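S.K.: Sharing a structure, written as structure tokens. Questions coming.
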Amino acid sequence: MPSTSSANVINLQERKLKKSSNDTVSLDVEPGTSPKIIAVSSGKGGVGKTNIVANLGYLLSNMGKKVLLVDTDLGLGNLDVLLGIAPKFNISHVLSNEKSIADILVDGPGNMKILPASSGVQALTHLAPPQLEAIRGQMFSVAAAYDAILIDTAAGISSNVLFFNASAREVYVVVTPDLTAITDAYALMKILSLQYDIADFNLLVNQAESAKEAQEIFNHLQLVTHQFLDISIHLRGHILKDDNIAKGIRCQRMVSDIYPNSSATDCFKAIARQIYETLPGPTH
Ligand SMILES: Nc1ncnc2c1ncn2[C@@H]1O[C@H](COP(=O)(O)OP(=O)(O)O)[C@@H](O)[C@H]1O
Ligand SMILES: [Mg+2]
């Protein structure tokens, strides 16, 4: 039963996690003036972030929005693999000043633009603040051309991850019913709230057996965050466990593309519709 045991683990974590004041960043975007930047993040890896970013981006693009997907899993990026594209250049070329972000953007399925990360470059997993600022500055420089920018982050609580979450307008935290995914999501939200003053989080429950299970996980997380943290969390939806997702990955296609009538696609559509309503830009 996830609720009781995760409460115990979170209680333990509470004693271990301490507020730290280093690595904070200043945000220089006027609220409401730039396109919607959404970070999709998680404490634990392998919970479905990259899939979620790809499918939500694809559906929003099909609904007429101009969408940019940004892979900020800088050392182990795999958004390109999932989308079936093979970019020649990536963020490492921007950091070495060989290219600008506009140069490395590539076309993805459904009119999306993709900003690829590199894979297998360990030095990129812990960038210094000036390098992170440089990437963010370049990302903002192309932002005006898009209605929605979805950031796929690495897992965990590294300074890279915290930085890109803090650079977003909204943070979507992905959990699965796994106890460790739930406790790690709590830890991520805690650090983001303490170090970066993020007070609002959106929760997506992936690989859920049912809407009821997703609601229970949300209720539980809400209870413990209310007890220990000064934040609000909002359940933005769930994605049912669906083997069609893995089938799609094997042929480098998104489930919403090749299995439009699958249960996972229905879930993605419901979440995409919610996000669509909140986006700036003309509707089509
Ligand atoms: N709703 C789901 N149902 C079944 N399998 C899923 C679902 N979401 C993700 N997966 C599986 O989980 C794995 C990890 O997904 P991925 O998007 O790469 O996670 P992350 O980006 O968080 O590391 C994939 O291999 C995918 O097949
Ligand atoms: Mg990923």
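Each chain in the structure tokens gets a letter, A, B and so on, in the order shown; residues start at 1 in every chain, and ligands are counted from 1 in the order they appear.
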Please check which protein, DNA or RNA residues sit within 10 Å of ligand 2, counting only C-alpha atoms and all ligand atoms, and write them as a list in words.
M.R.: Val40, Ser41, Ser42, Gly45, Gly46, Val47, Gly48, Lys49, Thr50, Asn51, Ile52, Val53, Asp71, Thr72, Asp73, Leu76, Gly77, Asn78, Leu79, Leu82, Asp152, Thr153, Ala154 and Ala155 of chain A
S.K.: Select from range 101-284 of chain A everything DSSP, run on the backbone, classes as helix (DSSP H, G or I), then give the selection as a PyMOL selection string.
M.R.: chain A and resi 101-104+109-111+122-126+129-143+159-166+179-196+211-228+243-250+255-258+263-278
S.K.: Would you kindly return, as a PDB file with N, CA and C atoms, in the first residue's frame, each protein, DNA or RNA residue with an atom no farther than 9 Å from any atom of Ser210 in chain A, considering only C-alpha atoms and excluding same-chain residues fewer than 5 positions away?
M.R.:
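Result went into selection_36.pdb, see below:
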ATOM      1  N   GLN A 215      -5.577   9.162  -8.349  1.00  0.00           N
ATOM      2  CA  GLN A 215      -6.157  10.098  -7.378  1.00  0.00           C
ATOM      3  C   GLN A 215      -5.647   9.800  -5.965  1.00  0.00           C
ATOM      4  N   HIS A 238      -3.496  11.587 -15.467  1.00  0.00           N
ATOM      5  CA  HIS A 238      -2.765  10.330 -15.317  1.00  0.00           C
ATOM      6  C   HIS A 238      -2.642   9.689 -16.687  1.00  0.00           C
ATOM      7  N   ILE A 239      -1.677   8.820 -16.810  1.00  0.00           N
ATOM      8  CA  ILE A 239      -1.531   8.030 -18.038  1.00  0.00           C
ATOM      9  C   ILE A 239      -1.561   6.568 -17.608  1.00  0.00           C
ATOM     10  N   LEU A 240      -2.480   5.832 -18.184  1.00  0.00           N
ATOM     11  CA  LEU A 240      -2.615   4.424 -17.811  1.00  0.00           C
ATOM     12  C   LEU A 240      -1.419   3.629 -18.299  1.00  0.00           C
ATOM     13  N   LYS A 241      -1.128   2.588 -17.592  1.00  0.00           N
ATOM     14  CA  LYS A 241      -0.082   1.649 -18.035  1.00  0.00           C
ATOM     15  C   LYS A 241      -0.557   1.036 -19.345  1.00  0.00           C
TER      16      LYS A 241
END
S.K.: Measuring between only C-alpha atoms and all ligand atoms, which one of A:Asp257, A:Glu277, A:Asp242, A:Asp178 shows the shortest distance to ligand 1?
M.R.: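 Among the listed residues, A:Asp242 lies closest to ligand 1.
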S.K.: Hey, which of A:Ile245, A:Met254, A:Leu59, A:Ala148 ends up closest to ligand 1? Count only C-alpha atoms and all ligand atoms.
M.R.: A:Ile245
S.K.: Pick out the closest residue to Val67 in chain A from this set: A:Asp184, A:Glu209, A:Asp107, A:Glu170. Count only C-alpha atoms.
M.R.: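 Of all the options, A:Asp107 lies closest to Val67 in chain A.
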S.K.: Of the candidates A:Gly84, A:Gly108, A:Gly75, A:Pro177, which shows the shortest atom-to-atom distance to Ser61 in chain A, using only C-alpha atoms?
M.R.: A:Gly108
S.K.: List as a list in words the protein and nucleic acid residues near Glu133 in chain A, meaning an atom at most 10 Å away when only C-alpha atoms are counted, but skip any in the same chain fewer than 3 places from it.
M.R.: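 After dropping sequence-adjacent residues, the list is Val25, Ser26, Leu127, Ala128, Pro129, Pro130, Arg136, Gly137, Gln138, Met139, Phe163, Phe164 and Ser167 of chain A.
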S.K.: Quick one, how far is CA of Phe89 in chain A from CA of Phe140 in chain A?
M.R.: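 About the pair CA of Phe89 in chain A and CA of Phe140 in chain A: they are 19.1 Å apart.
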S.K.: Pick the closest to ligand 1 from A:Ile233, A:Leu194, A:Ala208, A:Ala117: which is it, counting only C-alpha atoms and all ligand atoms?
M.R.: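 Among A:Ile233, A:Leu194, A:Ala208, A:Ala117, it is A:Ala208 that comes nearest to ligand 1.
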